[in-house]
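Asker: Following this line is protein_23.cif, made up of mmCIF, C-alpha atoms and all ligand atoms:
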data_my_file
loop_
_atom_site.group_PDB
_atom_site.id
_atom_site.type_symbol
_atom_site.label_atom_id
_atom_site.label_comp_id
_atom_site.auth_asym_id
_atom_site.auth_seq_id
_atom_site.Cartn_x
_atom_site.Cartn_y
_atom_site.Cartn_z
ATOM 1 C CA MET A 3 -42.050 -32.953 -0.686
ATOM 2 C CA GLU A 4 -42.525 -30.420 -3.450
ATOM 3 C CA VAL A 5 -45.951 -29.116 -4.415
ATOM 4 C CA VAL A 6 -46.501 -27.641 -7.873
ATOM 5 C CA ILE A 7 -49.795 -25.844 -8.542
ATOM 6 C CA ALA A 8 -50.473 -25.337 -12.257
ATOM 7 C CA PRO A 9 -53.147 -25.959 -14.904
ATOM 8 C CA GLY A 10 -53.631 -29.623 -15.866
ATOM 9 C CA PRO A 11 -51.854 -29.537 -19.247
ATOM 10 C CA GLU A 12 -48.774 -27.941 -17.654
ATOM 11 C CA LEU A 13 -48.712 -30.631 -14.949
ATOM 12 C CA ALA A 14 -48.769 -33.309 -17.643
ATOM 13 C CA ARG A 15 -45.885 -31.607 -19.470
ATOM 14 C CA LEU A 16 -43.837 -31.385 -16.272
ATOM 15 C CA ALA A 17 -44.422 -35.072 -15.527
ATOM 16 C CA ALA A 18 -43.567 -36.036 -19.115
ATOM 17 C CA ASP A 19 -40.410 -33.896 -18.899
ATOM 18 C CA THR A 20 -39.336 -35.844 -15.831
ATOM 19 C CA VAL A 21 -40.000 -39.206 -17.478
ATOM 20 C CA GLU A 22 -38.118 -38.103 -20.592
ATOM 21 C CA GLN A 23 -35.140 -36.906 -18.512
ATOM 22 C CA VAL A 24 -34.984 -40.260 -16.711
ATOM 23 C CA LEU A 25 -35.141 -42.151 -20.014
ATOM 24 C CA ARG A 26 -32.320 -40.044 -21.449
ATOM 25 C CA ALA A 27 -30.195 -40.133 -18.291
ATOM 26 C CA ARG A 28 -30.396 -43.933 -18.047
ATOM 27 C CA ALA A 29 -29.691 -44.293 -21.766
ATOM 28 C CA ALA A 30 -26.604 -42.090 -21.366
ATOM 29 C CA GLU A 31 -25.436 -44.538 -18.666
ATOM 30 C CA GLY A 32 -26.024 -47.430 -21.079
ATOM 31 C CA ARG A 33 -29.002 -48.686 -19.076
ATOM 32 C CA HIS A 34 -32.752 -48.748 -19.532
ATOM 33 C CA ALA A 35 -35.091 -46.785 -17.318
ATOM 34 C CA VAL A 36 -37.625 -48.476 -15.071
ATOM 35 C CA LEU A 37 -40.985 -46.704 -14.961
ATOM 36 C CA GLY A 38 -43.750 -47.089 -12.416
ATOM 37 C CA ILE A 39 -47.068 -46.616 -14.167
ATOM 38 C CA ALA A 40 -50.541 -45.965 -12.814
ATOM 39 C CA THR A 41 -54.100 -46.407 -13.977
ATOM 40 C CA GLY A 42 -56.983 -44.046 -13.198
ATOM 41 C CA SER A 43 -57.746 -40.807 -14.993
ATOM 42 C CA SER A 44 -55.000 -38.723 -13.344
ATOM 43 C CA PRO A 45 -52.031 -39.914 -15.465
ATOM 44 C CA LEU A 46 -53.914 -40.009 -18.794
ATOM 45 C CA ALA A 47 -52.711 -36.585 -19.936
ATOM 46 C CA VAL A 48 -49.139 -37.664 -19.167
ATOM 47 C CA TYR A 49 -49.554 -40.755 -21.377
ATOM 48 C CA ASP A 50 -50.997 -38.519 -24.114
ATOM 49 C CA GLU A 51 -47.954 -36.263 -23.897
ATOM 50 C CA LEU A 52 -45.487 -39.186 -23.855
ATOM 51 C CA ALA A 53 -47.237 -40.745 -26.864
ATOM 52 C CA ARG A 54 -47.039 -37.396 -28.671
ATOM 53 C CA ARG A 55 -43.322 -37.109 -27.937
ATOM 54 C CA HIS A 56 -42.824 -40.657 -29.182
ATOM 55 C CA THR A 57 -44.685 -40.009 -32.449
ATOM 56 C CA GLU A 58 -43.547 -36.470 -33.168
ATOM 57 C CA GLU A 59 -40.133 -36.265 -31.516
ATOM 58 C CA GLY A 60 -38.901 -39.845 -31.591
ATOM 59 C CA LEU A 61 -38.776 -40.353 -27.834
ATOM 60 C CA SER A 62 -38.102 -44.079 -27.545
ATOM 61 C CA PHE A 63 -39.227 -46.499 -24.859
ATOM 62 C CA ALA A 64 -37.386 -49.464 -26.392
ATOM 63 C CA GLY A 65 -35.845 -51.525 -23.600
ATOM 64 C CA VAL A 66 -37.667 -49.564 -20.891
ATOM 65 C CA ARG A 67 -39.285 -51.697 -18.181
ATOM 66 C CA ALA A 68 -42.629 -50.646 -16.718
ATOM 67 C CA PHE A 69 -44.281 -51.893 -13.543
ATOM 68 C CA MET A 70 -47.934 -51.284 -12.781
ATOM 69 C CA LEU A 71 -49.165 -50.365 -9.326
ATOM 70 C CA ASP A 72 -52.150 -52.613 -8.987
ATOM 71 C CA GLU A 73 -54.705 -54.939 -10.559
ATOM 72 C CA TYR A 74 -58.222 -56.136 -9.866
ATOM 73 C CA VAL A 75 -58.579 -59.728 -8.708
ATOM 74 C CA GLY A 76 -60.591 -62.007 -10.942
ATOM 75 C CA LEU A 77 -61.271 -59.902 -14.032
ATOM 76 C CA PRO A 78 -60.991 -62.096 -17.154
ATOM 77 C CA VAL A 79 -57.934 -61.645 -19.393
ATOM 78 C CA ASP A 80 -59.955 -59.823 -22.061
ATOM 79 C CA HIS A 81 -61.946 -57.550 -19.713
ATOM 80 C CA PRO A 82 -61.477 -53.933 -20.847
ATOM 81 C CA GLU A 83 -61.149 -52.693 -17.245
ATOM 82 C CA ARG A 84 -58.456 -55.186 -16.316
ATOM 83 C CA TYR A 85 -55.631 -52.766 -15.511
ATOM 84 C CA ARG A 86 -53.155 -54.596 -17.732
ATOM 85 C CA ASN A 87 -55.535 -53.934 -20.657
ATOM 86 C CA VAL A 88 -56.117 -50.319 -19.618
ATOM 87 C CA ILE A 89 -52.357 -49.701 -19.562
ATOM 88 C CA GLU A 90 -51.985 -51.389 -22.941
ATOM 89 C CA LYS A 91 -54.630 -49.107 -24.430
ATOM 90 C CA GLU A 92 -53.654 -45.841 -22.739
ATOM 91 C CA PHE A 93 -49.866 -46.158 -22.801
ATOM 92 C CA ALA A 94 -48.046 -49.269 -23.996
ATOM 93 C CA SER A 95 -49.690 -49.591 -27.427
ATOM 94 C CA ARG A 96 -48.970 -45.929 -28.185
ATOM 95 C CA VAL A 97 -45.192 -46.075 -27.710
ATOM 96 C CA ASP A 98 -42.462 -48.532 -28.680
ATOM 97 C CA ILE A 99 -42.203 -50.329 -25.340
ATOM 98 C CA ASP A 100 -42.071 -54.117 -25.650
ATOM 99 C CA PRO A 101 -45.366 -55.470 -24.186
ATOM 100 C CA ALA A 102 -43.314 -58.169 -22.450
ATOM 101 C CA ASP A 103 -41.522 -55.394 -20.549
ATOM 102 C CA VAL A 104 -44.782 -54.164 -19.008
ATOM 103 C CA GLN A 105 -45.656 -56.075 -15.866
ATOM 104 C CA GLY A 106 -48.386 -55.920 -13.270
ATOM 105 C CA PRO A 107 -49.517 -58.013 -10.333
ATOM 106 C CA ASP A 108 -51.329 -61.136 -11.566
ATOM 107 C CA GLY A 109 -54.948 -60.781 -10.505
ATOM 108 C CA LEU A 110 -55.742 -64.231 -11.903
ATOM 109 C CA ALA A 111 -53.004 -66.107 -10.057
ATOM 110 C CA SER A 112 -54.073 -69.286 -8.288
ATOM 111 C CA ASP A 113 -51.436 -68.709 -5.594
ATOM 112 C CA ILE A 114 -51.851 -65.036 -4.777
ATOM 113 C CA PRO A 115 -49.195 -64.711 -2.038
ATOM 114 C CA ALA A 116 -46.627 -66.334 -4.372
ATOM 115 C CA ALA A 117 -47.640 -64.030 -7.243
ATOM 116 C CA CYS A 118 -47.245 -60.975 -4.993
ATOM 117 C CA ALA A 119 -43.801 -62.119 -3.811
ATOM 118 C CA ALA A 120 -42.767 -62.783 -7.427
ATOM 119 C CA TYR A 121 -43.873 -59.286 -8.396
ATOM 120 C CA GLU A 122 -41.786 -57.693 -5.654
ATOM 121 C CA ALA A 123 -38.816 -59.788 -6.784
ATOM 122 C CA ALA A 124 -39.287 -58.715 -10.410
ATOM 123 C CA ILE A 125 -39.186 -55.023 -9.449
ATOM 124 C CA THR A 126 -36.050 -55.576 -7.395
ATOM 125 C CA GLU A 127 -34.368 -57.598 -10.160
ATOM 126 C CA ALA A 128 -35.081 -54.775 -12.633
ATOM 127 C CA GLY A 129 -33.117 -52.455 -10.352
ATOM 128 C CA GLY A 130 -36.078 -50.683 -8.748
ATOM 129 C CA VAL A 131 -38.356 -48.000 -10.130
ATOM 130 C CA ASP A 132 -36.691 -44.778 -11.311
ATOM 131 C CA VAL A 133 -39.828 -42.682 -11.501
ATOM 132 C CA GLN A 134 -43.273 -43.645 -10.262
ATOM 133 C CA LEU A 135 -46.449 -42.006 -11.586
ATOM 134 C CA LEU A 136 -49.181 -41.955 -8.977
ATOM 135 C CA GLY A 137 -52.723 -40.736 -8.463
ATOM 136 C CA VAL A 138 -54.664 -40.488 -5.219
ATOM 137 C CA GLY A 139 -58.156 -41.701 -4.368
ATOM 138 C CA THR A 140 -60.713 -39.440 -2.720
ATOM 139 C CA ASP A 141 -60.179 -41.418 0.504
ATOM 140 C CA GLY A 142 -56.433 -40.841 0.302
ATOM 141 C CA HIS A 143 -55.457 -44.243 -1.084
ATOM 142 C CA ILE A 144 -52.435 -44.550 -3.343
ATOM 143 C CA ALA A 145 -52.353 -47.520 -5.724
ATOM 144 C CA PHE A 146 -55.036 -49.558 -3.919
ATOM 145 C CA ASN A 147 -53.652 -49.055 -0.421
ATOM 146 C CA GLU A 148 -56.894 -48.244 1.320
ATOM 147 C CA PRO A 149 -57.140 -46.468 4.701
ATOM 148 C CA GLY A 150 -55.689 -48.695 7.389
ATOM 149 C CA SER A 151 -52.942 -50.039 5.118
ATOM 150 C CA SER A 152 -49.647 -50.734 6.813
ATOM 151 C CA LEU A 153 -47.135 -48.020 6.064
ATOM 152 C CA ALA A 154 -44.598 -50.875 5.710
ATOM 153 C CA SER A 155 -46.741 -52.953 3.327
ATOM 154 C CA ARG A 156 -45.508 -54.752 0.234
ATOM 155 C CA THR A 157 -47.486 -56.157 -2.732
ATOM 156 C CA ARG A 158 -50.502 -58.080 -1.413
ATOM 157 C CA ILE A 159 -54.234 -58.616 -1.736
ATOM 158 C CA LYS A 160 -56.556 -55.901 -0.427
ATOM 159 C CA THR A 161 -60.308 -55.468 -0.099
ATOM 160 C CA LEU A 162 -61.558 -52.321 -1.815
ATOM 161 C CA THR A 163 -63.584 -49.866 0.232
ATOM 162 C CA ARG A 164 -67.159 -49.097 -0.723
ATOM 163 C CA GLN A 165 -65.995 -45.529 -1.523
ATOM 164 C CA THR A 166 -63.357 -46.739 -4.010
ATOM 165 C CA ARG A 167 -65.782 -49.147 -5.662
ATOM 166 C CA GLU A 168 -68.327 -46.319 -6.002
ATOM 167 C CA ASP A 169 -65.626 -43.996 -7.405
ATOM 168 C CA ASN A 170 -64.601 -46.657 -9.932
ATOM 169 C CA ALA A 171 -68.150 -47.738 -10.859
ATOM 170 C CA ARG A 172 -67.985 -45.216 -13.709
ATOM 171 C CA PHE A 173 -65.686 -47.665 -15.491
ATOM 172 C CA PHE A 174 -68.216 -50.488 -14.999
ATOM 173 C CA ASP A 175 -71.333 -48.888 -16.540
ATOM 174 C CA GLY A 176 -72.035 -47.084 -13.264
ATOM 175 C CA ASP A 177 -72.808 -50.395 -11.538
ATOM 176 C CA VAL A 178 -70.905 -50.684 -8.244
ATOM 177 C CA ASP A 179 -71.791 -54.381 -8.016
ATOM 178 C CA ARG A 180 -69.698 -55.043 -11.112
ATOM 179 C CA VAL A 181 -66.584 -53.508 -9.558
ATOM 180 C CA PRO A 182 -64.420 -56.304 -8.117
ATOM 181 C CA THR A 183 -64.215 -56.456 -4.333
ATOM 182 C CA HIS A 184 -60.513 -57.365 -4.231
ATOM 183 C CA CYS A 185 -57.299 -56.199 -5.803
ATOM 184 C CA LEU A 186 -53.575 -56.831 -5.717
ATOM 185 C CA THR A 187 -51.563 -53.730 -5.034
ATOM 186 C CA GLN A 188 -48.006 -52.646 -4.508
ATOM 187 C CA GLY A 189 -47.664 -51.822 -0.832
ATOM 188 C CA LEU A 190 -46.807 -48.441 0.600
ATOM 189 C CA ALA A 191 -43.224 -49.568 1.224
ATOM 190 C CA THR A 192 -43.013 -50.780 -2.389
ATOM 191 C CA ILE A 193 -44.054 -47.349 -3.643
ATOM 192 C CA MET A 194 -41.661 -45.692 -1.196
ATOM 193 C CA SER A 195 -38.800 -47.646 -2.790
ATOM 194 C CA ALA A 196 -39.180 -45.746 -6.082
ATOM 195 C CA ARG A 197 -36.431 -43.180 -6.499
ATOM 196 C CA HIS A 198 -38.787 -40.353 -7.525
ATOM 197 C CA VAL A 199 -42.533 -40.268 -6.971
ATOM 198 C CA LEU A 200 -44.726 -38.002 -9.115
ATOM 199 C CA LEU A 201 -48.263 -37.745 -7.784
ATOM 200 C CA LEU A 202 -50.890 -36.070 -9.955
ATOM 201 C CA ALA A 203 -54.272 -34.865 -8.714
ATOM 202 C CA THR A 204 -56.821 -32.610 -10.361
ATOM 203 C CA GLY A 205 -60.315 -31.490 -9.424
ATOM 204 C CA LYS A 206 -62.125 -30.300 -6.316
ATOM 205 C CA HIS A 207 -63.028 -33.865 -5.285
ATOM 206 C CA LYS A 208 -59.315 -34.478 -4.583
ATOM 207 C CA ALA A 209 -58.792 -31.333 -2.468
ATOM 208 C CA GLU A 210 -59.216 -32.970 0.952
ATOM 209 C CA ALA A 211 -57.062 -35.985 0.027
ATOM 210 C CA VAL A 212 -54.330 -33.654 -1.273
ATOM 211 C CA HIS A 213 -54.505 -31.477 1.845
ATOM 212 C CA GLN A 214 -54.169 -34.514 4.097
ATOM 213 C CA LEU A 215 -51.436 -36.085 1.965
ATOM 214 C CA VAL A 216 -49.266 -32.962 1.992
ATOM 215 C CA GLU A 217 -50.147 -31.255 5.259
ATOM 216 C CA GLY A 218 -51.889 -33.796 7.491
ATOM 217 C CA PRO A 219 -50.291 -36.025 10.124
ATOM 218 C CA VAL A 220 -48.705 -39.173 8.713
ATOM 219 C CA SER A 221 -51.284 -41.868 9.306
ATOM 220 C CA ALA A 222 -52.539 -45.137 7.856
ATOM 221 C CA MET A 223 -55.951 -43.429 7.778
ATOM 222 C CA TRP A 224 -54.651 -41.319 4.869
ATOM 223 C CA PRO A 225 -52.218 -43.760 3.240
ATOM 224 C CA GLY A 226 -50.721 -41.182 0.837
ATOM 225 C CA THR A 227 -49.309 -39.292 3.831
ATOM 226 C CA VAL A 228 -46.485 -41.858 3.906
ATOM 227 C CA LEU A 229 -45.006 -39.879 0.995
ATOM 228 C CA GLN A 230 -44.046 -37.172 3.496
ATOM 229 C CA HIS A 231 -41.222 -39.562 4.390
ATOM 230 C CA HIS A 232 -40.096 -39.902 0.756
ATOM 231 C CA PRO A 233 -36.873 -38.038 -0.060
ATOM 232 C CA HIS A 234 -38.062 -37.103 -3.554
ATOM 233 C CA ALA A 235 -41.823 -36.792 -3.895
ATOM 234 C CA THR A 236 -43.441 -34.234 -6.198
ATOM 235 C CA VAL A 237 -47.139 -33.444 -5.898
ATOM 236 C CA LEU A 238 -48.568 -31.953 -9.092
ATOM 237 C CA VAL A 239 -51.993 -30.391 -8.567
ATOM 238 C CA ASP A 240 -54.349 -28.013 -10.323
ATOM 239 C CA GLU A 241 -56.031 -25.067 -8.587
ATOM 240 C CA ALA A 242 -59.109 -27.082 -7.618
ATOM 241 C CA ALA A 243 -57.138 -29.938 -6.070
ATOM 242 C CA ALA A 244 -54.941 -27.348 -4.296
ATOM 243 C CA SER A 245 -57.907 -25.419 -2.920
ATOM 244 C CA ARG A 246 -57.595 -26.792 0.637
ATOM 245 C CA LEU A 247 -53.817 -26.433 0.944
ATOM 246 C CA GLN A 248 -52.893 -24.157 3.847
ATOM 247 C CA LEU A 249 -49.477 -23.247 2.456
ATOM 248 C CA ALA A 250 -50.535 -22.848 -1.193
ATOM 249 C CA ALA A 251 -49.028 -19.341 -1.442
ATOM 250 C CA TYR A 252 -45.676 -20.644 -0.195
ATOM 251 C CA TYR A 253 -45.676 -23.571 -2.646
ATOM 252 C CA ARG A 254 -46.365 -21.143 -5.504
ATOM 253 C CA GLU A 255 -43.584 -18.754 -4.441
ATOM 254 C CA THR A 256 -41.158 -21.643 -4.059
ATOM 255 C CA PHE A 257 -41.867 -23.037 -7.503
ATOM 256 C CA ASP A 258 -41.744 -19.584 -9.155
ATOM 257 C CA ALA A 259 -38.389 -18.850 -7.521
ATOM 258 C CA LYS A 260 -36.779 -22.174 -8.416
ATOM 259 C CA PRO A 261 -33.435 -22.063 -10.188
ATOM 260 C CA SER A 262 -33.970 -23.227 -13.781
ATOM 261 C CA TRP A 263 -31.349 -25.988 -13.448
ATOM 262 C CA GLN A 264 -33.145 -27.656 -10.575
ATOM 263 C CA GLY A 265 -36.091 -29.379 -12.280
ATOM 264 C CA ILE A 266 -38.738 -31.132 -10.248
HETATM 265 C C1 LIG B 301 -57.799 -46.195 -8.573
HETATM 266 C C2 LIG B 301 -56.366 -46.637 -8.805
HETATM 267 C C3 LIG B 301 -55.381 -45.656 -8.217
HETATM 268 C C4 LIG B 301 -55.753 -44.257 -8.653
HETATM 269 C C5 LIG B 301 -57.116 -43.904 -8.125
HETATM 270 C C6 LIG B 301 -57.550 -42.497 -8.495
HETATM 271 O O1 LIG B 301 -58.316 -46.590 -7.354
HETATM 272 N N1 LIG B 301 -56.093 -47.922 -8.290
HETATM 273 O O2 LIG B 301 -54.075 -45.988 -8.655
HETATM 274 O O3 LIG B 301 -54.805 -43.341 -8.160
HETATM 275 O O4 LIG B 301 -58.029 -44.819 -8.703
HETATM 276 O O5 LIG B 301 -58.108 -42.509 -9.776
HETATM 277 P P1 LIG B 301 -58.334 -41.250 -10.669
HETATM 278 O O6 LIG B 301 -56.995 -40.808 -11.113
HETATM 279 O O7 LIG B 301 -59.180 -41.728 -11.786
HETATM 280 O O8 LIG B 301 -59.032 -40.234 -9.819
#
In structure tokens, how does this file's structure come out?
Answerer:
Amino acid sequence: MEVVIAPGPELARLAADTVEQVLRARAAEGRHAVLGIATGSSPLAVYDELARRHTEEGLSFAGVRAFMLDEYVGLPVDHPERYRNVIEKEFASRVDIDPADVQGPDGLASDIPAACAAYEAAITEAGGVDVQLLGVGTDGHIAFNEPGSSLASRTRIKTLTRQTREDNARFFDGDVDRVPTHCLTQGLATIMSARHVLLLATGKHKAEAVHQLVEGPVSAMWPGTVLQHHPHATVLVDEAAASRLQLAAYYRETFDAKPSWQGI
């Protein structure tokens, strides 16, 4: 696991660089990249930077497939906080990706287990995720894998914790009762199948979750700790989110001393 501590805009540039490299590398092989995309505020600056590169530099997402991490259960198709709509607004509508190539778990499915199995199959059929953008909740959840999630889990229904619903109430006019109680989420094993995981976290409120994720014991109590087992996980954090890291000085030295060819 690599930890990069830098100001927010630089983190977004680094993440966008990685996405761009994957797009170009796959294109050079005559294939299309498969992106794993996340909702929440953490990846927004990355989407801004990717949209800028699309508009100003011609970076193309044509043919790229994108898979979302999670979705609320039961939000109507036109609800602005339905994650499929959030992704459309923040990312898909701003680049030239085909909307049909953006998929998420179906939170309105009548047969939820079948919808979750179909989603796993779709990711596999696409060839798996090349690079997965990820945030982390204050309770250490990744996607919507709340504390107690199986480290071997696949896409399934979960009940949101009170903490997560309170954290997300800001998107529902501050009213926690309007935040759905259930979600569909890629499992921890699904996320672990991505070839490169880029986790972004900014702000003091993420410091404990980041400390646990990077330096704590691997445990279902802090689901993001499973990433310690990932062969290529990059944790991009600002100073505030890094403020509880015990080895922060070492992470800084390591990044500063990196050979320029290595990338993240
Ligand atoms: C939600 C999402 C997660 C996201 C988390 C953190 O619960 N399901 O994917 O990582 O929020 O959100 P934010 O980035 O806004 O802090």
Asker: Since I can't run it myself right now, could you work out what the PyMOL selection byres (((not hetatm)) within 9 of (chain B and resi 301)) selects here and report it as a VMD selection string?
Answerer: chain A and resid 39 to 46 71 to 74 85 136 to 140 142 to 148 162 166 to 167 169 to 170 185 187 201 to 205 207 to 208
Asker: Starting from the PyMOL selection byres (((chain A and resi 7) around 7) and not hetatm), expand the selection into actual residues of this file and give them as a PyMOL selection string.
Answerer: chain A and resi 5-6+8+238-241+244+254
Asker: If we draw a sphere of 7 Å around (-54.4, -39.1, 1.9), which residues have at least one atom in it when counting all atoms listed in the file? Please report them as a PyMOL selection string.
Answerer: chain A and resi 141-143+211-212+214-215+224-227
Asker: The PyMOL selection byres (((chain A and resi 102) around 12) and not hetatm) - which residues does that actually catch in the file I just gave you? List them as a PyMOL selection string.
Answerer: chain A and resi 64-69+86+90+94-95+98-101+103-106
Asker: For the residues selected in the previous step, produce a file with C-alpha atoms as a PDB file, keeping the file's coordinate frame.
Answerer:
ATOM      1  CA  ALA A  64     -37.386 -49.464 -26.392  1.00  0.00           C
ATOM      2  CA  GLY A  65     -35.845 -51.525 -23.600  1.00  0.00           C
ATOM      3  CA  VAL A  66     -37.667 -49.564 -20.891  1.00  0.00           C
ATOM      4  CA  ARG A  67     -39.285 -51.697 -18.181  1.00  0.00           C
ATOM      5  CA  ALA A  68     -42.629 -50.646 -16.718  1.00  0.00           C
ATOM      6  CA  PHE A  69     -44.281 -51.893 -13.543  1.00  0.00           C
ATOM      7  CA  ARG A  86     -53.155 -54.596 -17.732  1.00  0.00           C
ATOM      8  CA  GLU A  90     -51.985 -51.389 -22.941  1.00  0.00           C
ATOM      9  CA  ALA A  94     -48.046 -49.269 -23.996  1.00  0.00           C
ATOM     10  CA  SER A  95     -49.690 -49.591 -27.427  1.00  0.00           C
ATOM     11  CA  ASP A  98     -42.462 -48.532 -28.680  1.00  0.00           C
ATOM     12  CA  ILE A  99     -42.203 -50.329 -25.340  1.00  0.00           C
ATOM     13  CA  ASP A 100     -42.071 -54.117 -25.650  1.00  0.00           C
ATOM     14  CA  PRO A 101     -45.366 -55.470 -24.186  1.00  0.00           C
ATOM     15  CA  ASP A 103     -41.522 -55.394 -20.549  1.00  0.00           C
ATOM     16  CA  VAL A 104     -44.782 -54.164 -19.008  1.00  0.00           C
ATOM     17  CA  GLN A 105     -45.656 -56.075 -15.866  1.00  0.00           C
ATOM     18  CA  GLY A 106     -48.386 -55.920 -13.270  1.00  0.00           C
TER      19      GLY A 106
END
Asker: Quick one: pull the distance between atom CA of Gly38 of chain A and atom CA of Gln264 of chain A, Å, one decimal.
Answerer: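 So the two atoms, atom CA of Gly38 of chain A and atom CA of Gln264 of chain A, lie 22.2 Å apart.
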Asker: Pick out the closest residue to Glu51 of chain A from this set: A:Ala35, A:Leu247, A:Leu16, A:Ala242. Count all atoms listed in the file.
Answerer: A:Leu16
Asker: What does the structure give for the distance between atom CA of Val97 of chain A and atom CA of Ile125 of chain A, in Å to one decimal?
Answerer: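 Distance between the two atoms: 21.2 Å.
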Asker: Ala53 of chain A: which residues within 10 Å, counting all atoms listed in the file, same-chain residues fewer than 4 positions away excluded, as a list of chain:residue names?
Answerer: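 Contacts, with the query itself left out: A:Ala18, A:Ala47, A:Val48, A:Tyr49, A:Thr57, A:Glu58, A:Glu59, A:Gly60, A:Leu61, A:Ser62, A:Glu92, A:Phe93, A:Ala94, A:Ser95, A:Arg96, A:Val97, A:Asp98.
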Asker: What is the distance between atom CA of Val79 of chain A and atom CA of Cys118 of chain A, in Å to one decimal?
Answerer: 17.9 Å
Asker: Please determine, counting only C-alpha atoms, which residue among A:Thr157, A:Gln134, A:Gln248, A:Gln230 has the shortest atom-to-atom distance to Met3 of chain A.
Answerer: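 Nearest candidate to Met3 of chain A out of A:Thr157, A:Gln134, A:Gln248, A:Gln230: A:Gln230.
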Asker: Can you pull out every residue within 12 Å of Ala154 of chain A, counting all atoms listed in the file, but drop anything in the same chain fewer than 4 positions away, and send it as a list of chain:residue names?
Answerer: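 Here the qualifying residues turn out to be A:Asn147, A:Gly150, A:Arg158, A:Gln188, A:Gly189, A:Leu190, A:Ala191, A:Thr192, A:Ile193, A:Met194, A:Ser195, A:Ser221, A:Ala222, A:Pro225, A:Val228, A:Leu229, A:His231.
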